[in-house]
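Peer 1: To be precise about what I am sending: the file is called query-v8.cif and holds mmCIF, C-alpha atoms and all ligand atoms.
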```cif
data_target
loop_
_atom_site.label_atom_id
_atom_site.label_comp_id
_atom_site.auth_asym_id
_atom_site.auth_seq_id
_atom_site.Cartn_x
_atom_site.Cartn_y
_atom_site.Cartn_z
CA MET A 1 2.90 32.19 19.27
CA SER A 2 5.78 30.63 17.41
CA THR A 3 5.88 26.98 16.45
CA LYS A 4 8.23 24.94 18.59
CA VAL A 5 7.66 21.45 17.19
CA LYS A 6 6.52 20.92 13.62
CA ILE A 7 5.55 17.40 12.65
CA SER A 8 4.86 17.03 8.93
CA ASN A 9 3.39 14.05 7.07
CA LEU A 10 4.88 11.75 9.67
CA VAL A 11 4.54 8.03 9.02
CA LYS A 12 5.84 5.19 11.16
CA ILE A 13 5.46 1.64 9.99
CA PHE A 14 6.78 -1.32 12.00
CA GLY A 15 8.16 -4.35 10.17
CA ASP A 16 11.08 -5.68 8.12
CA GLU A 17 10.67 -3.35 5.20
CA PRO A 18 8.71 -0.35 6.46
CA ASP A 19 9.29 1.85 3.41
CA GLY A 20 8.38 -0.84 0.89
CA GLU A 21 4.99 -2.17 -0.09
CA ALA A 22 3.42 -1.24 3.24
CA LEU A 23 4.23 2.44 2.73
CA THR A 24 3.00 2.33 -0.86
CA LEU A 25 -0.29 0.84 0.28
CA LEU A 26 -0.64 3.36 3.09
CA GLN A 27 -0.05 6.26 0.73
CA ALA A 28 -2.61 4.75 -1.63
CA GLY A 29 -5.11 5.02 1.19
CA TYR A 30 -5.34 1.42 2.43
CA SER A 31 -6.26 0.93 6.07
CA LYS A 32 -4.03 -0.20 8.90
CA ASP A 33 -5.96 -3.45 9.00
CA VAL A 34 -5.58 -4.23 5.29
CA ILE A 35 -1.87 -3.40 5.40
CA ARG A 36 -1.32 -5.68 8.37
CA LYS A 37 -3.16 -8.55 6.68
CA SER A 38 -1.46 -8.22 3.31
CA THR A 39 2.10 -7.26 4.34
CA GLY A 40 2.44 -8.18 8.02
CA HIS A 41 3.52 -4.60 8.74
CA VAL A 42 1.95 -2.50 11.48
CA VAL A 43 1.07 1.14 10.91
CA GLY A 44 2.03 3.07 14.06
CA VAL A 45 1.47 6.61 12.79
CA ASN A 46 -0.36 7.49 9.60
CA ASP A 47 0.41 10.88 8.06
CA ALA A 48 0.44 13.05 11.18
CA ASN A 49 0.64 16.82 10.87
CA ILE A 50 1.00 18.76 14.10
CA ASN A 51 2.33 22.19 15.02
CA VAL A 52 3.02 22.53 18.71
CA SER A 53 3.31 26.16 19.78
CA GLU A 54 6.02 27.32 22.11
CA GLY A 55 4.85 27.20 25.71
CA GLU A 56 1.66 25.19 25.23
CA ILE A 57 0.57 21.89 26.70
CA PHE A 58 -0.31 19.94 23.58
CA VAL A 59 -2.15 16.74 24.42
CA VAL A 60 -2.30 13.67 22.22
CA MET A 61 -5.25 11.52 23.21
CA GLY A 62 -6.40 8.17 21.91
CA LEU A 63 -7.18 4.64 23.01
CA SER A 64 -4.47 2.08 23.61
CA GLY A 65 -2.77 1.20 20.30
CA SER A 66 -3.81 4.42 18.55
CA GLY A 67 -0.18 5.46 18.00
CA LYS A 68 0.42 8.02 20.75
CA SER A 69 3.68 6.58 22.05
CA THR A 70 4.93 5.95 18.54
CA LEU A 71 4.25 9.57 17.64
CA ILE A 72 5.99 11.06 20.67
CA ARG A 73 8.94 8.69 20.23
CA CYS A 74 9.39 9.89 16.67
CA VAL A 75 9.91 13.41 18.03
CA ASN A 76 13.23 12.47 19.62
CA ARG A 77 13.74 9.51 17.32
CA LEU A 78 13.50 6.78 19.89
CA HIS A 79 11.58 5.48 16.88
CA GLU A 80 13.00 6.23 13.44
CA PRO A 81 10.24 7.81 11.31
CA THR A 82 9.45 5.94 8.09
CA ALA A 83 8.51 9.11 6.21
CA GLY A 84 7.89 12.77 6.94
CA SER A 85 9.79 15.21 9.10
CA VAL A 86 10.07 16.58 12.60
CA PHE A 87 11.43 20.06 13.16
CA VAL A 88 12.21 21.55 16.55
CA ASP A 89 12.69 25.27 16.00
CA SER A 90 14.84 25.27 12.87
CA THR A 91 16.46 21.90 13.57
CA ASP A 92 15.44 19.04 11.32
CA VAL A 93 15.51 16.26 13.90
CA THR A 94 15.08 13.61 11.24
CA ALA A 95 18.39 14.70 9.65
CA LEU A 96 20.58 14.74 12.78
CA ASP A 97 23.59 12.42 12.82
CA PRO A 98 23.90 10.12 15.87
CA LYS A 99 26.11 12.47 17.81
CA LYS A 100 23.96 15.53 17.24
CA LEU A 101 20.87 13.46 17.97
CA GLN A 102 22.31 12.46 21.31
CA ALA A 103 23.06 16.09 22.16
CA PHE A 104 19.56 17.11 21.07
CA ARG A 105 17.93 14.52 23.32
CA ARG A 106 20.13 15.45 26.26
CA ASP A 107 19.88 19.23 25.95
CA SER A 108 16.48 19.95 24.47
CA THR A 109 14.12 17.23 25.64
CA GLY A 110 13.05 15.66 28.90
CA MET A 111 10.91 12.54 29.03
CA VAL A 112 8.52 11.24 31.66
CA PHE A 113 6.94 7.78 31.34
CA GLN A 114 4.07 6.00 33.03
CA HIS A 115 6.34 3.76 35.05
CA PHE A 116 9.30 5.81 35.87
CA ALA A 117 12.32 3.68 36.62
CA LEU A 118 14.20 5.30 39.48
CA PHE A 119 17.57 3.92 40.59
CA PRO A 120 16.65 2.05 43.78
CA HIS A 121 20.04 2.38 45.46
CA GLN A 122 20.47 6.09 44.84
CA ASP A 123 18.84 8.78 46.90
CA ILE A 124 16.29 11.14 45.42
CA ARG A 125 18.82 13.90 44.87
CA SER A 126 21.09 11.66 42.79
CA ASN A 127 18.12 10.28 40.88
CA VAL A 128 17.04 13.77 39.89
CA ALA A 129 20.60 14.87 39.13
CA PHE A 130 21.18 11.94 36.81
CA GLY A 131 20.65 13.83 33.56
CA LEU A 132 22.98 16.60 34.71
CA LYS A 133 25.74 14.14 35.44
CA VAL A 134 25.40 12.88 31.87
CA LYS A 135 25.71 16.49 30.76
CA GLY A 136 28.99 16.80 32.62
CA ILE A 137 27.88 19.35 35.22
CA ASP A 138 29.87 19.40 38.49
CA VAL A 139 28.45 18.03 41.69
CA ASP A 140 27.51 21.39 43.26
CA GLY A 141 25.74 22.52 40.12
CA ARG A 142 23.96 19.16 39.91
CA ASN A 143 22.75 19.24 43.50
CA GLU A 144 21.58 22.79 43.19
CA ALA A 145 19.58 22.06 40.03
CA ALA A 146 18.20 18.86 41.56
CA GLU A 147 17.01 20.69 44.65
CA ARG A 148 15.41 23.40 42.55
CA ALA A 149 13.57 20.79 40.46
CA LEU A 150 12.42 18.93 43.59
CA ALA A 151 11.05 22.18 45.00
CA LEU A 152 9.07 22.69 41.78
CA VAL A 153 7.31 19.34 42.21
CA GLY A 154 6.73 19.84 45.94
CA LEU A 155 9.35 17.41 47.21
CA SER A 156 11.73 19.67 49.08
CA GLY A 157 13.04 17.82 52.10
CA TYR A 158 13.08 14.41 50.43
CA GLU A 159 16.51 14.82 48.82
CA SER A 160 18.13 12.14 50.97
CA SER A 161 15.26 9.65 50.90
CA PHE A 162 15.34 6.54 48.76
CA PRO A 163 12.73 5.65 46.12
CA ARG A 164 11.22 2.78 48.15
CA GLN A 165 10.42 5.25 50.95
CA LEU A 166 8.19 7.26 48.61
CA SER A 167 4.61 6.59 47.46
CA GLY A 168 3.84 5.96 43.79
CA GLY A 169 2.67 9.53 43.33
CA MET A 170 5.82 10.91 44.90
CA GLN A 171 8.01 8.67 42.76
CA GLN A 172 6.25 10.03 39.71
CA ARG A 173 7.03 13.54 40.93
CA VAL A 174 10.69 12.54 41.14
CA GLY A 175 10.44 11.43 37.52
CA LEU A 176 9.04 14.82 36.58
CA ALA A 177 11.75 16.57 38.61
CA ARG A 178 14.40 14.55 36.79
CA ALA A 179 13.03 15.68 33.46
CA LEU A 180 12.88 19.30 34.63
CA ALA A 181 16.33 19.34 36.21
CA THR A 182 18.19 19.66 32.92
CA ASP A 183 15.92 22.58 32.00
CA PRO A 184 14.88 21.22 28.59
CA ASP A 185 12.76 23.29 26.19
CA ILE A 186 10.45 20.40 25.50
CA LEU A 187 8.90 17.92 27.89
CA LEU A 188 7.65 14.65 26.43
CA MET A 189 5.21 13.04 28.84
CA ASP A 190 3.90 9.61 27.88
CA GLU A 191 0.96 8.59 30.10
CA ALA A 192 2.94 10.12 32.95
CA PHE A 193 -0.06 10.24 35.30
CA SER A 194 -2.01 7.25 34.00
CA ALA A 195 -0.98 4.85 36.75
CA LEU A 196 -1.89 7.20 39.60
CA ASP A 197 -5.02 7.18 41.74
CA PRO A 198 -7.63 9.72 40.63
CA LEU A 199 -7.06 12.15 43.49
CA ILE A 200 -3.27 12.15 43.21
CA ARG A 201 -3.67 12.37 39.47
CA ARG A 202 -5.70 15.55 39.69
CA GLN A 203 -3.11 17.04 42.03
CA MET A 204 -0.38 16.21 39.56
CA GLN A 205 -2.37 17.74 36.72
CA ASP A 206 -2.80 20.92 38.75
CA GLU A 207 0.87 21.02 39.57
CA LEU A 208 1.89 20.44 35.99
CA MET A 209 -0.27 23.38 34.95
CA ALA A 210 1.22 25.51 37.73
CA ILE A 211 4.76 24.54 36.72
CA GLN A 212 3.85 25.35 33.15
CA ASP A 213 2.61 28.83 34.15
CA GLN A 214 5.94 29.41 35.81
CA LEU A 215 8.40 27.87 33.34
CA HIS A 216 6.57 28.08 29.98
CA LYS A 217 7.97 24.79 28.72
CA THR A 218 6.58 23.29 25.56
CA ILE A 219 4.88 20.10 26.69
CA LEU A 220 3.76 17.19 24.58
CA PHE A 221 1.48 15.27 26.89
CA ILE A 222 0.02 11.88 26.10
CA THR A 223 -3.01 10.31 27.73
CA HIS A 224 -5.74 7.80 26.94
CA ASP A 225 -8.13 9.73 29.20
CA LEU A 226 -10.20 12.40 27.47
CA ASN A 227 -11.08 14.10 30.75
CA GLU A 228 -7.40 14.48 31.52
CA ALA A 229 -6.72 15.69 27.97
CA LEU A 230 -9.40 18.36 28.13
CA ARG A 231 -8.34 19.42 31.59
CA VAL A 232 -4.63 19.99 30.98
CA GLY A 233 -4.46 20.64 27.24
CA SER A 234 -4.28 24.06 25.65
CA ARG A 235 -4.95 22.03 22.50
CA VAL A 236 -5.90 18.42 22.12
CA CYS A 237 -5.24 16.02 19.25
CA ILE A 238 -7.45 12.92 18.96
CA MET A 239 -5.87 9.85 17.34
CA LYS A 240 -7.28 6.58 16.13
CA ASP A 241 -5.45 3.80 14.26
CA GLY A 242 -2.38 6.00 13.89
CA ALA A 243 -4.29 8.83 12.21
CA ILE A 244 -5.33 12.20 13.58
CA HIS A 245 -9.08 12.79 13.77
CA GLN A 246 -9.13 16.30 15.13
CA ILE A 247 -6.89 18.95 16.62
CA GLY A 248 -8.47 21.77 18.58
CA THR A 249 -8.93 23.54 21.86
CA PRO A 250 -10.81 21.59 24.53
CA GLU A 251 -13.81 23.74 23.69
CA ASP A 252 -13.53 22.89 19.96
CA ILE A 253 -13.39 19.19 20.76
CA LEU A 254 -16.37 19.37 23.09
CA MET A 255 -18.60 21.76 21.18
CA ARG A 256 -17.55 21.14 17.59
CA PRO A 257 -16.47 17.51 17.16
CA GLU A 258 -15.50 16.97 13.52
CA THR A 259 -15.86 13.23 13.19
CA ASP A 260 -18.34 10.76 14.60
CA TYR A 261 -15.47 9.10 16.44
CA VAL A 262 -14.68 12.30 18.34
CA ALA A 263 -18.34 13.03 18.94
CA GLU A 264 -18.85 9.58 20.41
CA PHE A 265 -15.93 10.07 22.75
CA VAL A 266 -17.13 13.45 23.86
CA GLN A 267 -20.47 12.06 24.99
CA ASP A 268 -18.83 10.32 27.90
CA VAL A 269 -17.15 13.46 29.17
CA ASP A 270 -18.53 15.50 31.99
CA GLN A 271 -18.58 18.68 29.95
CA GLY A 272 -19.33 20.78 33.00
CA ARG A 273 -15.84 20.05 34.26
CA VAL A 274 -14.26 21.49 31.14
CA LEU A 275 -16.49 24.26 29.86
CA VAL A 276 -16.34 27.60 31.60
CA VAL A 277 -18.99 30.27 32.09
CA ASP A 278 -17.53 32.33 29.25
CA THR A 279 -18.64 29.74 26.68
CA VAL A 280 -22.32 29.96 27.70
CA ARG A 281 -22.58 33.56 28.85
CA GLU A 282 -25.37 35.62 27.29
CA ASP A 283 -26.37 39.26 27.31
CA ALA A 284 -28.48 40.12 30.32
CA ALA A 285 -31.57 42.32 30.33
CA VAL A 286 -30.49 45.11 32.70
CA VAL A 287 -32.28 47.90 34.55
CA ASP A 288 -30.91 50.23 37.20
CA GLU A 289 -32.13 50.21 40.77
CA ASN A 290 -34.55 53.13 40.22
CA ALA A 291 -36.33 51.44 37.32
CA SER A 292 -40.08 50.86 37.43
CA VAL A 293 -42.03 47.67 36.87
CA ALA A 294 -42.90 48.98 33.39
CA ASP A 295 -39.16 49.48 32.61
CA VAL A 296 -38.46 45.89 33.58
CA LEU A 297 -41.22 44.54 31.36
CA ARG A 298 -39.97 46.64 28.47
CA VAL A 299 -36.35 45.30 28.56
CA ILE A 300 -37.60 41.79 29.15
CA ASN A 301 -39.82 42.00 26.08
CA ASP A 302 -37.13 43.71 23.98
CA LEU A 303 -34.70 40.87 24.60
CA GLY A 304 -37.31 38.13 24.67
CA VAL A 305 -36.12 36.75 28.01
CA ASP A 306 -37.74 35.78 31.29
CA ALA A 307 -35.98 37.97 33.81
CA ALA A 308 -34.04 41.24 34.15
CA HIS A 309 -31.02 42.00 36.30
CA VAL A 310 -31.06 45.06 38.51
CA THR A 311 -27.75 46.89 39.02
CA ASP A 312 -26.50 49.62 41.36
CA PRO A 313 -24.98 52.87 40.04
CA ASN A 314 -21.60 51.11 39.67
CA GLY A 315 -23.08 48.38 37.50
CA ARG A 316 -22.91 45.73 40.22
CA PRO A 317 -25.77 43.22 40.31
CA LEU A 318 -28.41 43.56 43.02
CA GLY A 319 -30.69 40.72 41.92
CA VAL A 320 -33.26 39.82 39.28
CA VAL A 321 -36.94 40.49 38.64
CA THR A 322 -38.78 37.78 36.74
CA ARG A 323 -41.33 38.45 34.03
CA GLU A 324 -43.92 36.61 36.08
CA ALA A 325 -43.35 38.76 39.16
CA ALA A 326 -43.35 41.96 37.13
CA GLU A 327 -46.58 41.10 35.34
CA LYS A 328 -48.27 40.22 38.60
CA ALA A 329 -47.11 43.50 40.15
CA ARG A 330 -48.37 45.49 37.20
CA ALA A 331 -51.78 43.79 37.38
CA GLY A 332 -51.89 44.67 41.11
CA GLY A 333 -50.99 48.28 40.37
CA THR A 334 -47.46 48.19 41.85
CA ARG A 335 -44.92 50.48 40.16
CA GLU A 336 -41.76 50.10 42.28
CA LEU A 337 -39.48 47.08 42.11
CA GLY A 338 -38.87 46.93 45.89
CA THR A 339 -39.57 43.40 47.08
CA LEU A 340 -39.80 41.98 43.55
CA VAL A 341 -36.00 41.80 43.36
CA GLN A 342 -34.72 38.31 44.14
CA THR A 343 -31.09 37.78 45.04
CA VAL A 344 -29.02 35.66 42.65
CA SER A 345 -25.43 34.47 42.82
CA ALA A 346 -22.65 36.07 40.80
CA VAL A 347 -19.90 34.10 39.05
CA THR A 348 -16.91 35.01 36.89
CA ASN A 349 -16.11 34.06 33.29
CA ASP A 350 -13.53 31.42 34.16
CA THR A 351 -15.70 29.40 36.55
CA ILE A 352 -16.27 25.83 35.31
CA LEU A 353 -19.93 24.96 34.79
CA ALA A 354 -19.81 22.05 37.23
CA LYS A 355 -19.32 24.61 40.00
CA ILE A 356 -22.47 26.53 39.15
CA TYR A 357 -24.93 23.68 38.56
CA GLN A 358 -26.18 23.98 42.12
CA LEU A 359 -27.13 27.59 41.37
CA PHE A 360 -29.50 26.41 38.62
CA GLY A 361 -32.10 25.05 41.04
CA SER A 362 -33.97 28.35 41.30
CA GLY A 363 -34.24 28.59 37.50
CA LEU A 364 -33.10 32.23 37.75
CA PRO A 365 -30.33 33.55 35.49
CA VAL A 366 -26.97 33.62 37.28
CA ALA A 367 -25.15 36.97 37.15
CA VAL A 368 -21.73 37.00 35.45
CA VAL A 369 -19.41 39.71 36.74
CA ASP A 370 -15.96 41.02 35.80
CA GLY A 371 -13.02 41.39 38.18
CA ASP A 372 -14.54 44.56 39.63
CA GLY A 373 -17.85 42.88 40.34
CA ARG A 374 -19.69 44.61 37.48
CA LEU A 375 -22.38 42.75 35.58
CA ILE A 376 -21.21 41.65 32.12
CA GLY A 377 -23.89 39.09 31.27
CA CYS A 378 -25.71 36.12 32.63
CA VAL A 379 -26.03 32.35 32.44
CA ARG A 380 -29.52 30.99 31.83
CA PRO A 381 -29.94 27.47 33.26
CA LEU A 382 -32.23 26.09 30.56
CA GLU A 383 -30.04 27.31 27.72
CA VAL A 384 -26.93 25.80 29.29
CA LEU A 385 -28.60 22.45 29.69
CA ALA A 386 -29.73 22.60 26.06
CA GLU A 387 -26.19 23.47 24.94
CA LEU A 388 -24.77 20.52 26.82
CA GLY A 389 -27.33 18.24 25.16
CA ARG A 390 -26.44 19.58 21.73
CA VAL A 391 -23.26 17.56 21.35
CA GLU A 392 -25.23 14.34 21.60
CA ASN A 393 -27.33 15.54 18.71
CA ILE A 394 -24.23 16.35 16.66
CA SER A 395 -23.00 12.86 17.40
CA GLU A 396 -26.23 11.31 16.20
CA GLU A 397 -26.23 13.48 13.06
CA LEU A 398 -22.66 12.53 12.15
CA GLU A 399 -23.44 8.88 12.82
CA ALA A 400 -26.53 9.04 10.60
CA ALA A 401 -24.56 10.80 7.84
CA LYS A 402 -21.94 8.09 7.97
CA HIS A 403 -24.49 5.32 7.55
CA GLN A 404 -26.16 7.14 4.71
CA GLY A 405 -22.78 7.57 3.02
CA THR A 406 -22.00 3.87 3.17
CA GLN A 407 -25.35 2.75 1.84
CA PRO A 408 -25.44 1.64 -1.80
N1 LIG B 1 8.01 -1.90 18.38
C1 LIG B 1 6.86 -2.17 17.76
N2 LIG B 1 6.80 -3.17 16.83
C2 LIG B 1 5.66 -3.45 16.17
N3 LIG B 1 4.50 -2.80 16.36
C3 LIG B 1 4.50 -1.80 17.27
C4 LIG B 1 5.66 -1.44 18.02
N4 LIG B 1 5.33 -0.42 18.84
C5 LIG B 1 4.03 -0.15 18.63
N5 LIG B 1 3.52 -0.98 17.68
C6 LIG B 1 2.15 -0.96 17.16
O1 LIG B 1 1.89 0.35 16.70
C7 LIG B 1 0.58 0.74 17.04
C8 LIG B 1 0.61 1.98 17.92
O2 LIG B 1 1.18 1.63 19.16
P1 LIG B 1 1.50 2.70 20.30
O3 LIG B 1 2.13 3.88 19.68
O4 LIG B 1 2.24 2.00 21.36
O5 LIG B 1 0.03 3.08 20.79
P2 LIG B 1 -0.44 3.86 22.10
O6 LIG B 1 0.75 4.49 22.72
O7 LIG B 1 -1.44 4.83 21.60
O8 LIG B 1 -1.07 2.83 22.99
C9 LIG B 1 -0.08 -0.45 17.70
O9 LIG B 1 -0.81 -1.16 16.72
C10 LIG B 1 1.10 -1.24 18.20
O10 LIG B 1 0.79 -2.61 18.26
MG MG B 2 1.52 4.25 24.68
#
```
Spell out the structure here as structure tokens.
Ligand SMILES: Nc1ncnc2c1ncn2[C@@H]1O[C@H](COP(=O)(O)OP(=O)(O)O)[C@@H](O)[C@H]1O
Ligand SMILES: [Mg+2]
Peer 2:
Amino acid sequence: MSTKVKISNLVKIFGDEPDGEALTLLQAGYSKDVIRKSTGHVVGVNDANINVSEGEIFVVMGLSGSGKSTLIRCVNRLHEPTAGSVFVDSTDVTALDPKKLQAFRRDSTGMVFQHFALFPHQDIRSNVAFGLKVKGIDVDGRNEAAERALALVGLSGYESSFPRQLSGGMQQRVGLARALATDPDILLMDEAFSALDPLIRRQMQDELMAIQDQLHKTILFITHDLNEALRVGSRVCIMKDGAIHQIGTPEDILMRPETDYVAEFVQDVDQGRVLVVDTVREDAAVVDENASVADVLRVINDLGVDAAHVTDPNGRPLGVVTREAAEKARAGGTRELGTLVQTVSAVTNDTILAKIYQLFGSGLPVAVVDGDGRLIGCVRPLEVLAELGRVENISEELEAAKHQGTQP
């Protein structure tokens, strides 16, 4: 995938003389805190390097004050970067003159904020068409584009309503529709869903992902909520004190946190809502339906597991036979599997783990099947639970390493 937005060595310092002593100190490695105390300048972004691929939802996540808004505002120069560069395609945004900058903002970017200010005395259609009016598009073209954008966010039929007649969630949709109406390449979304109730918020996340599937915009999405970040992001960037701690897929962040800060964050996440079956799938011990008890015990022993899956001639799962049941049957002189086969559920690779926890109660491995229902592996409850516990251990290890490193 090609790079759409390339942010290189970006620094933003707030204060009277941002590129003076404060920048020198920052480049010499002094912390945000030291720089504030000695120069009165505030470090907003500290040496950020990010490549956002075309068509991805790139999420910047961090606590309040970590520099997320400053970073996103440097992309369209609502904040003037102190050092470094921002490229969109082959355009050096940092080098645009005021006129070209204005055209760039209008034509290439759309912004959505947490509290979206709609014009109270204009109907929804005019609110959404606002950006098109600025672009000089005639009234028919504007209305058509506005209606199309409203349909995308599920608000067809509300064109003639006024903002006060809409709920907070719906107003936020209008904000998103306004940003989409001008058909920009890049959407900049700064805590766009943060003020919404959890249920509405999830709906909006789902819709954003659906819109993304349809339109393939490049989206820079900011949130202070790691669950939201991991849910909507194709990649997630974790920031603290203006600096980037880690950039990776949601799975990278969850399974392979690179700093103790990230690891600590990850502990509070319900990983089962993010990780899918594919990440924990293992090879299954498999026998066909005509296999004997001895066959089952052989594959179980070969793989060192506790149960084997039985499949039909098309490779579809029929159930499992446990080691315990097979050994008992052998001791009793039984050769056929028959009643030893216990039914288990089948899931697909893209199922989130939270949806299969209730299948773990039996302790039996859950069958994983492909689109044609054929067995491609299994999920073993105990191993999954161990995997989910592993991140806490990583966190403790990184924490311990840090303390060791700082000891004299
Ligand atoms: N206009 C400004 N003037 C001075 N300091 C600012 C300004 N905007 C942001 N900051 C400071 O920059 C840092 C990053 O802020 P911000 O980007 O708003 O964080 P976030 O969006 O992650 O909450 C904070 O320390 C904040 O106080
Ligand atoms: Mg912010």
Peer 1: Any idea what the distance is between atom O7 of ligand LIG 1 (chain B) and atom CA of Thr70 of chain A?
Peer 2: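 About the pair atom O7 of ligand LIG 1 (chain B) and atom CA of Thr70 of chain A: they are 7.2 Å apart.
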Peer 1: May I ask you to write as a ChimeraX atom specification all residues lying at most 10 Å from ligand LIG 1 (chain B), with only C-alpha atoms and all ligand atoms counted?
Peer 2: /A:12-16,32-33,36,40-45,60-74,79,190-191,222-224,239-242
Peer 1: If I take atom CA of Gly248 of chain A and atom CA of Ala177 of chain A, how far is one from the other in Å, to one decimal?
Peer 2: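 Spanning atom CA of Gly248 of chain A to atom CA of Ala177 of chain A is a straight-line distance of 28.9 Å.
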Peer 1: Hey, could you make a per-residue contact list for segment 190-249 of chain A against segment 106-118 of chain A with 9 Å as the cut-off, showing the nearest pair of atoms and its distance in Å to one decimal, counting only C-alpha atoms, sorted by chain and number, as JSON lines?
Peer 2:
```
{"residue": "A:Asp190", "atom": "CA", "partner": "A:Phe113", "partner_atom": "CA", "distance": 5.0}
{"residue": "A:Glu191", "atom": "CA", "partner": "A:Gln114", "partner_atom": "CA", "distance": 5.0}
{"residue": "A:Ala192", "atom": "CA", "partner": "A:Gln114", "partner_atom": "CA", "distance": 4.3}
{"residue": "A:Phe193", "atom": "CA", "partner": "A:Gln114", "partner_atom": "CA", "distance": 6.3}
{"residue": "A:Ser194", "atom": "CA", "partner": "A:Gln114", "partner_atom": "CA", "distance": 6.3}
{"residue": "A:Ala195", "atom": "CA", "partner": "A:Gln114", "partner_atom": "CA", "distance": 6.4}
{"residue": "A:Leu196", "atom": "CA", "partner": "A:Gln114", "partner_atom": "CA", "distance": 9.0}
```
Peer 1: With 7 Å as the threshold, what does the neighbourhood of (-18.6, 32.4, 31.4) contain in terms of residues, counting only C-alpha atoms? Coordinates are those of the file; answer as a list in words.
Peer 2: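 These residues have at least one counted atom within 7 Å: Val276, Val277, Asp278, Thr279, Val280, Arg281, Thr348, Asn349, Asp350, Thr351 and Val368 of chain A.
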Peer 1: Write to file, as a PDB file, in the coordinates of the input, the residues of the selection just made, with C-alpha atoms.
Peer 2:
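Generated file (result_32.pdb):
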```pdb
ATOM      1  CA  VAL A 276     -16.340  27.600  31.600  1.00  0.00           C
ATOM      2  CA  VAL A 277     -18.990  30.270  32.090  1.00  0.00           C
ATOM      3  CA  ASP A 278     -17.530  32.330  29.250  1.00  0.00           C
ATOM      4  CA  THR A 279     -18.640  29.740  26.680  1.00  0.00           C
ATOM      5  CA  VAL A 280     -22.320  29.960  27.700  1.00  0.00           C
ATOM      6  CA  ARG A 281     -22.580  33.560  28.850  1.00  0.00           C
ATOM      7  CA  THR A 348     -16.910  35.010  36.890  1.00  0.00           C
ATOM      8  CA  ASN A 349     -16.110  34.060  33.290  1.00  0.00           C
ATOM      9  CA  ASP A 350     -13.530  31.420  34.160  1.00  0.00           C
ATOM     10  CA  THR A 351     -15.700  29.400  36.550  1.00  0.00           C
ATOM     11  CA  VAL A 368     -21.730  37.000  35.450  1.00  0.00           C
TER      12      VAL A 368
END
```
Peer 1: Please, could N, CA and C atoms be added to segment 345-358 of chain A and the result written as a compact mmCIF listing (two decimals), keeping the file's coordinate frame?
Peer 2:
```txt
# COMPACT_ATOMS: atom_id res chain seq x y z
N SER A 345 -26.88 34.54 42.63
CA SER A 345 -25.43 34.47 42.82
C SER A 345 -24.72 35.12 41.64
N ALA A 346 -23.48 35.52 41.87
CA ALA A 346 -22.65 36.07 40.80
C ALA A 346 -21.44 35.17 40.61
N VAL A 347 -21.07 34.93 39.36
CA VAL A 347 -19.90 34.10 39.05
C VAL A 347 -19.03 34.85 38.04
N THR A 348 -17.79 34.37 37.87
CA THR A 348 -16.91 35.01 36.89
C THR A 348 -16.77 34.13 35.65
N ASN A 349 -16.24 34.72 34.59
CA ASN A 349 -16.11 34.06 33.29
C ASN A 349 -15.38 32.73 33.31
N ASP A 350 -14.38 32.61 34.20
CA ASP A 350 -13.53 31.42 34.16
C ASP A 350 -13.99 30.30 35.08
N THR A 351 -15.17 30.45 35.67
CA THR A 351 -15.70 29.40 36.55
C THR A 351 -16.16 28.21 35.69
N ILE A 352 -15.78 26.97 36.09
CA ILE A 352 -16.27 25.83 35.31
C ILE A 352 -17.75 25.59 35.64
N LEU A 353 -18.48 25.09 34.64
CA LEU A 353 -19.93 24.96 34.79
C LEU A 353 -20.30 24.02 35.94
N ALA A 354 -19.48 23.00 36.16
CA ALA A 354 -19.81 22.05 37.23
C ALA A 354 -19.97 22.77 38.57
N LYS A 355 -19.26 23.88 38.72
CA LYS A 355 -19.32 24.61 40.00
C LYS A 355 -20.57 25.45 40.12
N ILE A 356 -21.30 25.65 39.04
CA ILE A 356 -22.47 26.53 39.15
C ILE A 356 -23.78 25.77 38.98
N TYR A 357 -23.69 24.45 38.73
CA TYR A 357 -24.93 23.68 38.56
C TYR A 357 -25.88 23.86 39.74
N GLN A 358 -25.31 23.90 40.95
CA GLN A 358 -26.18 23.98 42.12
C GLN A 358 -26.91 25.32 42.18
```
